[in-house]
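Colleague: Contents of target26.json (JSON, C-alpha atoms):
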```
[["chain", "number", "residue", "atom", "x", "y", "z"],
["Q", 1254, "MET", "CA", -76.62, -2.10, -47.76],
["Q", 1255, "PHE", "CA", -77.51, -5.68, -46.86],
["Q", 1256, "ILE", "CA", -78.93, -6.64, -43.47],
["Q", 1257, "ALA", "CA", -78.26, -10.19, -42.31],
["Q", 1258, "PRO", "CA", -79.97, -11.08, -39.01],
["Q", 1259, "SER", "CA", -77.93, -13.64, -37.08],
["Q", 1260, "LEU", "CA", -80.00, -16.65, -36.08],
["Q", 1261, "LEU", "CA", -77.68, -17.22, -33.13],
["Q", 1262, "ALA", "CA", -79.69, -14.52, -31.34],
["Q", 1263, "ALA", "CA", -83.08, -15.96, -32.31],
["Q", 1264, "HIS", "CA", -85.19, -18.08, -29.97],
["Q", 1265, "PRO", "CA", -83.67, -21.60, -30.30],
["Q", 1266, "GLY", "CA", -87.04, -23.30, -30.03],
["Q", 1267, "ARG", "CA", -88.60, -21.24, -32.82],
["Q", 1268, "LEU", "CA", -85.82, -20.89, -35.38],
["Q", 1269, "GLU", "CA", -87.94, -21.54, -38.46],
["Q", 1270, "ALA", "CA", -90.60, -19.06, -37.32],
["Q", 1271, "GLU", "CA", -87.97, -16.50, -36.34],
["Q", 1272, "ALA", "CA", -86.25, -16.89, -39.70],
["Q", 1273, "GLU", "CA", -89.54, -16.39, -41.53],
["Q", 1274, "ALA", "CA", -90.36, -13.33, -39.41],
["Q", 1275, "ALA", "CA", -86.97, -11.78, -40.23],
["Q", 1276, "ILE", "CA", -87.50, -12.43, -43.93],
["Q", 1277, "GLN", "CA", -90.96, -10.87, -43.83],
["Q", 1278, "ALA", "CA", -89.44, -7.88, -42.00],
["Q", 1279, "GLY", "CA", -87.04, -7.23, -44.87],
["Q", 1280, "ALA", "CA", -83.87, -9.22, -44.14],
["Q", 1281, "ASP", "CA", -81.61, -9.61, -47.18],
["Q", 1282, "TRP", "CA", -79.73, -12.67, -45.88],
["Q", 1283, "LEU", "CA", -79.99, -15.01, -42.91],
["Q", 1284, "HIS", "CA", -76.69, -15.45, -41.06],
["Q", 1285, "VAL", "CA", -75.94, -18.88, -39.60],
["Q", 1286, "ASP", "CA", -73.01, -19.40, -37.19],
["Q", 1287, "ILE", "CA", -71.57, -22.90, -36.88],
["Q", 1288, "MET", "CA", -69.33, -23.26, -33.80],
["Q", 1289, "ASP", "CA", -67.33, -26.33, -32.81],
["Q", 1290, "GLY", "CA", -66.42, -25.68, -29.16],
["Q", 1291, "HIS", "CA", -62.75, -25.68, -30.17],
["Q", 1292, "PHE", "CA", -61.96, -22.62, -32.27],
["Q", 1293, "VAL", "CA", -64.50, -20.83, -30.09],
["Q", 1294, "PRO", "CA", -65.75, -22.04, -26.68],
["Q", 1295, "ALA", "CA", -69.40, -22.34, -27.70],
["Q", 1296, "ILE", "CA", -71.08, -25.11, -29.67],
["Q", 1297, "SER", "CA", -73.92, -24.09, -31.95],
["Q", 1298, "MET", "CA", -75.87, -24.93, -35.07],
["Q", 1299, "GLY", "CA", -74.55, -27.71, -37.29],
["Q", 1300, "PRO", "CA", -74.85, -28.23, -41.05],
["Q", 1301, "ARG", "CA", -78.18, -30.08, -40.62],
["Q", 1302, "LEU", "CA", -79.76, -26.83, -39.50],
["Q", 1303, "ILE", "CA", -78.84, -25.36, -42.86],
["Q", 1304, "LYS", "CA", -80.72, -28.18, -44.55],
["Q", 1305, "ALA", "CA", -83.76, -27.65, -42.33],
["Q", 1306, "LEU", "CA", -83.82, -23.92, -43.09],
["Q", 1307, "HIS", "CA", -83.23, -24.52, -46.78],
["Q", 1308, "ASP", "CA", -85.99, -27.13, -46.95],
["Q", 1309, "ALA", "CA", -88.34, -24.51, -45.54],
["Q", 1310, "GLU", "CA", -87.65, -22.63, -48.80],
["Q", 1311, "PRO", "CA", -86.37, -19.35, -47.40],
["Q", 1312, "ALA", "CA", -86.77, -16.39, -49.74],
["Q", 1313, "VAL", "CA", -83.27, -15.10, -48.93],
["Q", 1314, "PRO", "CA", -79.77, -16.62, -49.14],
["Q", 1315, "LEU", "CA", -78.28, -18.49, -46.20],
["Q", 1316, "ASP", "CA", -74.97, -16.91, -45.21],
["Q", 1317, "VAL", "CA", -72.96, -19.50, -43.25],
["Q", 1318, "HIS", "CA", -70.05, -18.57, -40.97],
["Q", 1319, "LEU", "CA", -67.78, -21.47, -40.02],
["Q", 1320, "MET", "CA", -66.30, -20.65, -36.61],
["Q", 1321, "VAL", "CA", -64.52, -24.00, -36.49],
["Q", 1322, "SER", "CA", -60.94, -25.26, -36.34],
["Q", 1323, "SER", "CA", -61.18, -27.53, -39.39],
["Q", 1324, "PRO", "CA", -63.51, -25.80, -41.88],
["Q", 1325, "ALA", "CA", -62.65, -28.04, -44.83],
["Q", 1326, "GLN", "CA", -64.56, -30.97, -43.31],
["Q", 1327, "PHE", "CA", -67.79, -28.93, -43.19],
["Q", 1328, "ILE", "CA", -67.69, -27.29, -46.61],
["Q", 1329, "ALA", "CA", -69.30, -29.98, -48.80],
["Q", 1330, "ASP", "CA", -72.17, -30.62, -46.38],
["Q", 1331, "CYS", "CA", -72.88, -26.91, -45.90],
["Q", 1332, "VAL", "CA", -73.01, -26.27, -49.64],
["Q", 1333, "ASN", "CA", -74.94, -29.42, -50.49],
["Q", 1334, "TRP", "CA", -77.51, -28.61, -47.81],
["Q", 1335, "GLY", "CA", -78.21, -25.07, -48.95],
["Q", 1336, "ALA", "CA", -75.54, -22.51, -48.03],
["Q", 1337, "ALA", "CA", -75.44, -19.69, -50.59],
["Q", 1338, "SER", "CA", -72.27, -18.20, -49.13],
["Q", 1339, "LEU", "CA", -69.67, -19.76, -46.87],
["Q", 1340, "THR", "CA", -67.16, -17.86, -44.74],
["Q", 1341, "VAL", "CA", -64.09, -19.43, -43.15],
["Q", 1342, "HIS", "CA", -61.64, -17.87, -40.70],
["Q", 1343, "TYR", "CA", -58.23, -16.77, -41.88],
["Q", 1344, "GLU", "CA", -56.88, -17.94, -38.53],
["Q", 1345, "THR", "CA", -57.91, -21.58, -39.14],
["Q", 1346, "CYS", "CA", -56.76, -22.12, -42.73],
["Q", 1347, "HIS", "CA", -53.16, -23.09, -43.46],
["Q", 1348, "HIS", "CA", -53.97, -23.28, -47.18],
["Q", 1349, "LEU", "CA", -56.55, -20.53, -47.46],
["Q", 1350, "HIS", "CA", -56.40, -20.17, -51.24],
["Q", 1351, "GLY", "CA", -57.16, -23.87, -51.64],
["Q", 1352, "VAL", "CA", -60.11, -23.67, -49.24],
["Q", 1353, "LEU", "CA", -61.57, -20.71, -51.14],
["Q", 1354, "GLN", "CA", -61.19, -22.60, -54.41],
["Q", 1355, "GLN", "CA", -62.91, -25.62, -52.88],
["Q", 1356, "ILE", "CA", -65.88, -23.49, -51.87],
["Q", 1357, "ARG", "CA", -66.16, -21.82, -55.25],
["Q", 1358, "SER", "CA", -65.79, -25.11, -57.13],
["Q", 1359, "LEU", "CA", -69.04, -26.20, -55.46],
["Q", 1360, "GLY", "CA", -70.90, -23.17, -56.82],
["Q", 1361, "CYS", "CA", -70.95, -21.29, -53.53],
["Q", 1362, "LYS", "CA", -69.77, -17.77, -52.74],
["Q", 1363, "ALA", "CA", -66.60, -17.70, -50.65],
["Q", 1364, "GLY", "CA", -65.69, -15.41, -47.79],
["Q", 1365, "VAL", "CA", -62.96, -14.95, -45.21],
["Q", 1366, "ALA", "CA", -63.46, -13.74, -41.63],
["Q", 1367, "LEU", "CA", -60.79, -11.82, -39.74],
["Q", 1368, "ASN", "CA", -60.62, -11.76, -35.96],
["Q", 1369, "PRO", "CA", -60.16, -8.35, -34.28],
["Q", 1370, "HIS", "CA", -56.38, -8.81, -33.93],
["Q", 1371, "THR", "CA", -55.83, -9.91, -37.54],
["Q", 1372, "PRO", "CA", -54.76, -7.09, -39.91],
["Q", 1373, "THR", "CA", -56.56, -6.59, -43.19],
["Q", 1374, "ASN", "CA", -53.39, -6.70, -45.31],
["Q", 1375, "VAL", "CA", -53.08, -10.48, -44.84],
["Q", 1376, "LEU", "CA", -55.64, -10.77, -47.64],
["Q", 1377, "GLN", "CA", -53.64, -8.69, -50.13],
["Q", 1378, "CYS", "CA", -52.85, -11.66, -52.39],
["Q", 1379, "LEU", "CA", -56.36, -13.11, -52.26],
["Q", 1380, "LEU", "CA", -58.58, -10.15, -53.08],
["Q", 1381, "GLY", "CA", -59.56, -11.55, -56.47],
["Q", 1382, "ASP", "CA", -60.67, -14.84, -54.90],
["Q", 1383, "LEU", "CA", -63.13, -13.38, -52.42],
["Q", 1384, "ASP", "CA", -66.83, -12.64, -52.53],
["Q", 1385, "THR", "CA", -67.00, -11.41, -48.94],
["Q", 1386, "VAL", "CA", -64.66, -10.31, -46.17],
["Q", 1387, "LEU", "CA", -66.21, -10.52, -42.72],
["Q", 1388, "LEU", "CA", -64.65, -8.32, -40.05],
["Q", 1389, "MET", "CA", -65.25, -9.53, -36.52],
["Q", 1390, "ALA", "CA", -65.99, -6.50, -34.34],
["Q", 1391, "VAL", "CA", -65.87, -8.62, -31.17],
["Q", 1392, "ASN", "CA", -63.85, -11.66, -30.15],
["Q", 1393, "PRO", "CA", -65.68, -14.64, -31.64],
["Q", 1394, "GLY", "CA", -67.64, -17.03, -29.47],
["Q", 1395, "PHE", "CA", -68.57, -14.73, -26.61],
["Q", 1396, "GLY", "CA", -71.98, -13.09, -26.44],
["Q", 1397, "GLY", "CA", -72.77, -9.65, -25.09],
["Q", 1398, "GLN", "CA", -69.53, -7.96, -26.09],
["Q", 1399, "ARG", "CA", -69.24, -4.35, -27.12],
["Q", 1400, "PHE", "CA", -68.29, -3.31, -30.64],
["Q", 1401, "ILE", "CA", -64.51, -2.76, -30.88],
["Q", 1402, "PRO", "CA", -64.08, 0.83, -32.18],
["Q", 1403, "PHE", "CA", -60.92, 0.06, -34.20],
["Q", 1404, "THR", "CA", -63.12, -2.03, -36.48],
["Q", 1405, "LEU", "CA", -64.15, 1.21, -38.19],
["Q", 1406, "GLU", "CA", -60.54, 1.80, -39.22],
["Q", 1407, "LYS", "CA", -60.27, -1.79, -40.46],
["Q", 1408, "ILE", "CA", -63.37, -1.24, -42.60],
["Q", 1409, "ARG", "CA", -61.75, 1.83, -44.15],
["Q", 1410, "GLN", "CA", -58.48, -0.05, -44.73],
["Q", 1411, "LEU", "CA", -60.33, -2.90, -46.41],
["Q", 1412, "SER", "CA", -62.34, -0.50, -48.55],
["Q", 1413, "ASN", "CA", -59.08, 1.10, -49.74],
["Q", 1414, "LEU", "CA", -57.61, -2.33, -50.52],
["Q", 1415, "ARG", "CA", -60.70, -3.15, -52.55],
["Q", 1416, "ASP", "CA", -60.53, 0.13, -54.46],
["Q", 1417, "GLY", "CA", -56.92, -0.60, -55.41],
["Q", 1418, "SER", "CA", -57.54, -4.18, -56.54],
["Q", 1419, "SER", "CA", -58.98, -5.76, -59.66],
["Q", 1420, "GLY", "CA", -61.43, -7.84, -57.63],
["Q", 1421, "TYR", "CA", -64.64, -6.94, -55.87],
["Q", 1422, "PHE", "CA", -65.98, -8.26, -52.60],
["Q", 1423, "LEU", "CA", -68.53, -7.21, -50.01],
["Q", 1424, "ILE", "CA", -67.37, -5.95, -46.62],
["Q", 1425, "SER", "CA", -69.37, -7.54, -43.82],
["Q", 1426, "VAL", "CA", -69.28, -6.67, -40.11],
["Q", 1427, "ASP", "CA", -70.29, -9.01, -37.30],
["Q", 1428, "GLY", "CA", -70.41, -8.44, -33.54],
["Q", 1429, "GLY", "CA", -71.84, -5.63, -31.47],
["Q", 1430, "VAL", "CA", -73.68, -4.19, -34.46],
["Q", 1431, "GLY", "CA", -76.71, -2.20, -33.39],
["Q", 1432, "ILE", "CA", -78.89, 0.74, -34.23],
["Q", 1433, "SER", "CA", -76.65, 3.09, -32.22],
["Q", 1434, "ASN", "CA", -73.52, 2.40, -34.29],
["Q", 1435, "ALA", "CA", -74.94, 1.28, -37.65],
["Q", 1436, "ALA", "CA", -74.50, 4.70, -39.26],
["Q", 1437, "LEU", "CA", -70.79, 4.81, -38.34],
["Q", 1438, "ILE", "CA", -70.28, 1.32, -39.74],
["Q", 1439, "ARG", "CA", -72.08, 2.17, -42.97],
["Q", 1440, "GLU", "CA", -70.14, 5.42, -43.37],
["Q", 1441, "ALA", "CA", -66.82, 3.61, -42.90],
["Q", 1442, "GLY", "CA", -67.62, 1.51, -45.98],
["Q", 1443, "ALA", "CA", -69.39, -1.66, -44.86],
["Q", 1444, "ASP", "CA", -71.83, -3.35, -47.24],
["Q", 1445, "VAL", "CA", -73.35, -5.96, -44.93],
["Q", 1446, "LEU", "CA", -74.45, -5.59, -41.32],
["Q", 1447, "ILE", "CA", -74.79, -8.84, -39.38],
["Q", 1448, "ALA", "CA", -77.04, -8.12, -36.43],
["Q", 1449, "GLY", "CA", -78.36, -10.53, -33.84],
["Q", 1450, "SER", "CA", -79.99, -9.01, -30.78],
["Q", 1451, "ALA", "CA", -80.53, -5.70, -32.61],
["Q", 1452, "VAL", "CA", -83.14, -7.55, -34.68],
["Q", 1453, "PHE", "CA", -84.29, -10.57, -32.67],
["Q", 1454, "GLY", "CA", -84.19, -8.66, -29.40],
["Q", 1455, "SER", "CA", -86.39, -5.87, -30.73],
["Q", 1456, "ASP", "CA", -90.16, -5.55, -30.49],
["Q", 1457, "ASP", "CA", -90.44, -4.72, -34.20],
["Q", 1458, "TYR", "CA", -88.13, -6.62, -36.56],
["Q", 1459, "SER", "CA", -89.12, -4.53, -39.56],
["Q", 1460, "GLN", "CA", -88.41, -1.24, -37.81],
["Q", 1461, "ALA", "CA", -85.08, -2.54, -36.50],
["Q", 1462, "ILE", "CA", -83.97, -3.64, -39.97],
["Q", 1463, "GLU", "CA", -84.95, -0.33, -41.53],
["Q", 1464, "GLN", "CA", -83.06, 1.56, -38.83],
["Q", 1465, "LEU", "CA", -79.97, -0.58, -39.37],
["Q", 1466, "ARG", "CA", -80.26, 0.09, -43.08],
["Q", 1467, "GLY", "CA", -80.48, 3.84, -42.39],
["Q", 1468, "LYS", "CA", -83.92, 4.30, -43.92],
["Q", 1469, "GLN", "CA", -85.74, 5.16, -40.73],
["Q", 1470, "THR", "CA", -84.90, 7.77, -38.13],
["Q", 1471, "VAL", "CA", -84.00, 6.47, -34.70],
["Q", 1472, "THR", "CA", -86.26, 8.02, -32.10],
["Q", 1473, "LYS", "CA", -84.94, 8.66, -28.59]]
```
Represent the supplied structure as structure tokens.

Modeller:
Amino acid sequence: MFIAPSLLAAHPGRLEAEAEAAIQAGADWLHVDIMDGHFVPAISMGPRLIKALHDAEPAVPLDVHLMVSSPAQFIADCVNWGAASLTVHYETCHHLHGVLQQIRSLGCKAGVALNPHTPTNVLQCLLGDLDTVLLMAVNPGFGGQRFIPFTLEKIRQLSNLRDGSSGYFLISVDGGVGISNAALIREAGADVLIAGSAVFGSDDYSQAIEQLRGKQTVTK
């Protein structure tokens, strides 16, 4: 089980310190959302932030999620500036296989994100080309949404697809992930929990990460 705190929920004026605190608390990855104001309404961190975080020599990989309408134009910069894994949206790629090959040709791990309404079987022919599949458990670009319960079924569907394929990829879940539902998400078959406010909104990052991982009992 990998825990990837989302820097979108960190204090914007203290990103480097927040990133370091999450790493010290036991984060496995740091999740970076890049939004263009077109595919999603919000505008957030650009590729230069990846470089700034990478130059700070983080001890964990930078997991970059391109929530943009034209991901191909961002790929080279993101990889060159330090992304260890790069996830594009199925909904934005007319030639998805080619985009995945472009990412991998640059020595970066490649992932695909699916919006809540997108079925998992659209990836049937691409399973061998994926390192990660990210399931959005909320509609992308809007903060404060609740976890969509049907995501649990999509995790199980994706796990079954993986078991029946010759490839192997990690199943990642993003949106509304918290300590109250982490166990259900893990049990459904997820490998990576992307959590924003569950970590950066807590008083104890280390405790929050351990609870998300399932290694510490949640006290009421």

Colleague: Tell me, in Å to one decimal, how far atom CA of Val1445 of chain Q is from atom CA of Phe1292 of chain Q.

Modeller: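 Between atom CA of Val1445 of chain Q and atom CA of Phe1292 of chain Q the gap is 23.8 Å.
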
Colleague: Could you work out how far atom CA of Leu1379 of chain Q lies from atom CA of Trp1282 of chain Q, giving the answer in Å with one decimal?

Modeller: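 Atom CA of Leu1379 of chain Q lies at a distance of 24.2 Å from atom CA of Trp1282 of chain Q.
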
Colleague: Out of Q:Leu1339, Q:Leu1414, Q:Ala1280, Q:Met1298, which residue has the shortest atom-to-atom distance to Gly1381 of chain Q when counting all atoms listed in the file?

Modeller: Q:Leu1414

Colleague: Residues near segment 1302-1315 of chain Q, anyone? I mean within 10 Å using all atoms listed in the file, not counting same-chain ones fewer than 2 positions away, as a PyMOL selection string.

Modeller: chain Q and resi 1257+1268-1269+1272-1273+1276-1277+1279-1285+1287+1297-1300+1317-1318+1330-1339

Colleague: Counting all atoms listed in the file, figure out which residue out of Q:Ile1408, Q:Cys1378, Q:Ile1447, Q:Ala1366 gets nearest to Leu1261 of chain Q.

Modeller: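 Among the listed residues, the smallest separation from Leu1261 of chain Q belongs to Q:Ile1447.
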
Colleague: Just give me the gap between atom CA of Gly1428 of chain Q and atom CA of Lys1468 of chain Q in Å, one decimal is fine.

Modeller: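 Going from atom CA of Gly1428 of chain Q over to atom CA of Lys1468 of chain Q covers 21.3 Å.
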
Colleague: My list of candidates is Q:Glu1406, Q:Asp1382, Q:Asp1444, Q:Asp1427. Which is closest to Gly1351 of chain Q when distances are computed with only C-alpha atoms?

Modeller: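 Smallest distance to Gly1351 of chain Q is found for Q:Asp1382.
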
Colleague: If you count only C-alpha atoms, which residues fall within 12 Å of Leu1349 of chain Q, apart from same-chain ones fewer than 4 positions away, as a PyMOL selection string?

Modeller: chain Q and resi 1323-1325+1340-1345+1353-1356+1363-1366+1375-1376+1378-1380+1382-1383

Colleague: Would you kindly return, as a list in words, each protein, DNA or RNA residue with an atom no farther than 8 Å from any atom of Gln1398 of chain Q, considering all atoms listed in the file and excluding same-chain residues fewer than 5 positions away?

Modeller: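 So, after excluding close chain neighbours, the residues are Val1391, Asn1392, Gly1428 and Gly1429 of chain Q.
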
Colleague: I'd like the neighbourhood of Gly1431 of chain Q as a PyMOL selection string, where a residue qualifies if any of its atoms comes within 12 Å (using only C-alpha atoms), though same-chain residues fewer than 3 positions away should be ignored.

Modeller: chain Q and resi 1256+1258+1390+1397-1400+1426-1428+1434-1439+1446-1455+1461-1467+1471

Colleague: Select, from Q:Ala1263, Q:Leu1405, Q:Ala1441, Q:Val1386, the residue with the minimum atom-to-atom distance to Ser1425 of chain Q, counting all atoms listed in the file.

Modeller: Q:Val1386

Colleague: Of the candidates Q:His1348, Q:Ile1432, Q:Arg1301, Q:Thr1385, which one gets nearest to Gly1420 of chain Q if we count all atoms listed in the file?

Modeller: Q:Thr1385

Colleague: What's around Asn1413 of chain Q at 12 Å? Count all atoms listed in the file, leave out sequence neighbours fewer than 2 positions away in its own chain, and write the answer as a VMD selection string.

Modeller: chain Q and resid 1373 to 1374 1377 1380 1406 to 1411 1415 to 1418 1421 to 1422 1424 1441 to 1443

Colleague: Pick out the closest residue to Val1293 of chain Q from this set: Q:Cys1346, Q:Ile1401, Q:Val1321, Q:Ile1328. Count only C-alpha atoms.

Modeller: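 Once distances to Val1293 of chain Q are computed over only C-alpha atoms, the minimum belongs to Q:Val1321.
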
Colleague: Keeping N, CA and C atoms, write segment 1376-1399 of chain Q of the structure just shown out as a short mmCIF file (atom, residue, chain, number, x, y, z; two decimals), in the first residue's frame.

Modeller:
```cif
data_model
loop_
_atom_site.label_atom_id
_atom_site.label_comp_id
_atom_site.auth_asym_id
_atom_site.auth_seq_id
_atom_site.Cartn_x
_atom_site.Cartn_y
_atom_site.Cartn_z
N LEU Q 1376 -9.89 0.37 -21.10
CA LEU Q 1376 -8.44 0.15 -21.07
C LEU Q 1376 -8.05 -1.28 -21.44
N GLN Q 1377 -9.02 -2.08 -21.82
CA GLN Q 1377 -8.79 -3.51 -22.07
C GLN Q 1377 -7.60 -3.76 -22.99
N CYS Q 1378 -7.46 -2.97 -24.05
CA CYS Q 1378 -6.40 -3.20 -25.04
C CYS Q 1378 -5.07 -2.55 -24.66
N LEU Q 1379 -5.02 -1.88 -23.51
CA LEU Q 1379 -3.82 -1.13 -23.14
C LEU Q 1379 -3.19 -1.61 -21.85
N LEU Q 1380 -3.70 -2.68 -21.29
CA LEU Q 1380 -3.26 -3.09 -19.95
C LEU Q 1380 -1.76 -3.35 -19.88
N GLY Q 1381 -1.18 -3.84 -20.96
CA GLY Q 1381 0.25 -4.12 -20.96
C GLY Q 1381 1.12 -2.89 -21.11
N ASP Q 1382 0.50 -1.74 -21.37
CA ASP Q 1382 1.24 -0.50 -21.58
C ASP Q 1382 1.17 0.44 -20.40
N LEU Q 1383 0.59 -0.02 -19.30
CA LEU Q 1383 0.32 0.85 -18.17
C LEU Q 1383 1.16 0.49 -16.94
N ASP Q 1384 1.59 1.51 -16.24
CA ASP Q 1384 2.22 1.31 -14.94
C ASP Q 1384 1.24 1.62 -13.81
N THR Q 1385 0.29 2.51 -14.09
CA THR Q 1385 -0.70 2.91 -13.10
C THR Q 1385 -2.03 3.22 -13.77
N VAL Q 1386 -3.12 2.86 -13.11
CA VAL Q 1386 -4.44 3.36 -13.49
C VAL Q 1386 -4.98 4.12 -12.29
N LEU Q 1387 -5.32 5.38 -12.53
CA LEU Q 1387 -5.83 6.24 -11.47
C LEU Q 1387 -7.35 6.37 -11.63
N LEU Q 1388 -8.09 5.93 -10.64
CA LEU Q 1388 -9.53 6.07 -10.65
C LEU Q 1388 -9.93 7.33 -9.89
N MET Q 1389 -10.59 8.25 -10.59
CA MET Q 1389 -11.10 9.44 -9.92
C MET Q 1389 -12.36 9.07 -9.15
N ALA Q 1390 -12.34 9.33 -7.85
CA ALA Q 1390 -13.49 9.02 -7.00
C ALA Q 1390 -14.37 10.25 -6.76
N VAL Q 1391 -14.01 11.35 -7.42
CA VAL Q 1391 -14.82 12.57 -7.44
C VAL Q 1391 -14.69 13.14 -8.85
N ASN Q 1392 -15.52 14.10 -9.19
CA ASN Q 1392 -15.37 14.78 -10.47
C ASN Q 1392 -14.17 15.71 -10.40
N PRO Q 1393 -13.25 15.61 -11.34
CA PRO Q 1393 -11.99 16.35 -11.22
C PRO Q 1393 -12.17 17.85 -11.27
N GLY Q 1394 -11.36 18.54 -10.46
CA GLY Q 1394 -11.32 19.99 -10.50
C GLY Q 1394 -12.17 20.71 -9.48
N PHE Q 1395 -12.90 19.96 -8.67
CA PHE Q 1395 -13.75 20.58 -7.67
C PHE Q 1395 -13.37 20.06 -6.29
N GLY Q 1396 -12.99 20.93 -5.40
CA GLY Q 1396 -12.60 20.52 -4.06
C GLY Q 1396 -13.80 20.25 -3.17
N GLY Q 1397 -13.57 19.51 -2.10
CA GLY Q 1397 -14.58 19.29 -1.08
C GLY Q 1397 -15.68 18.31 -1.43
N GLN Q 1398 -15.47 17.51 -2.47
CA GLN Q 1398 -16.50 16.54 -2.86
C GLN Q 1398 -16.39 15.26 -2.04
N ARG Q 1399 -17.51 14.56 -1.96
CA ARG Q 1399 -17.52 13.29 -1.26
C ARG Q 1399 -17.12 12.15 -2.20
#
```
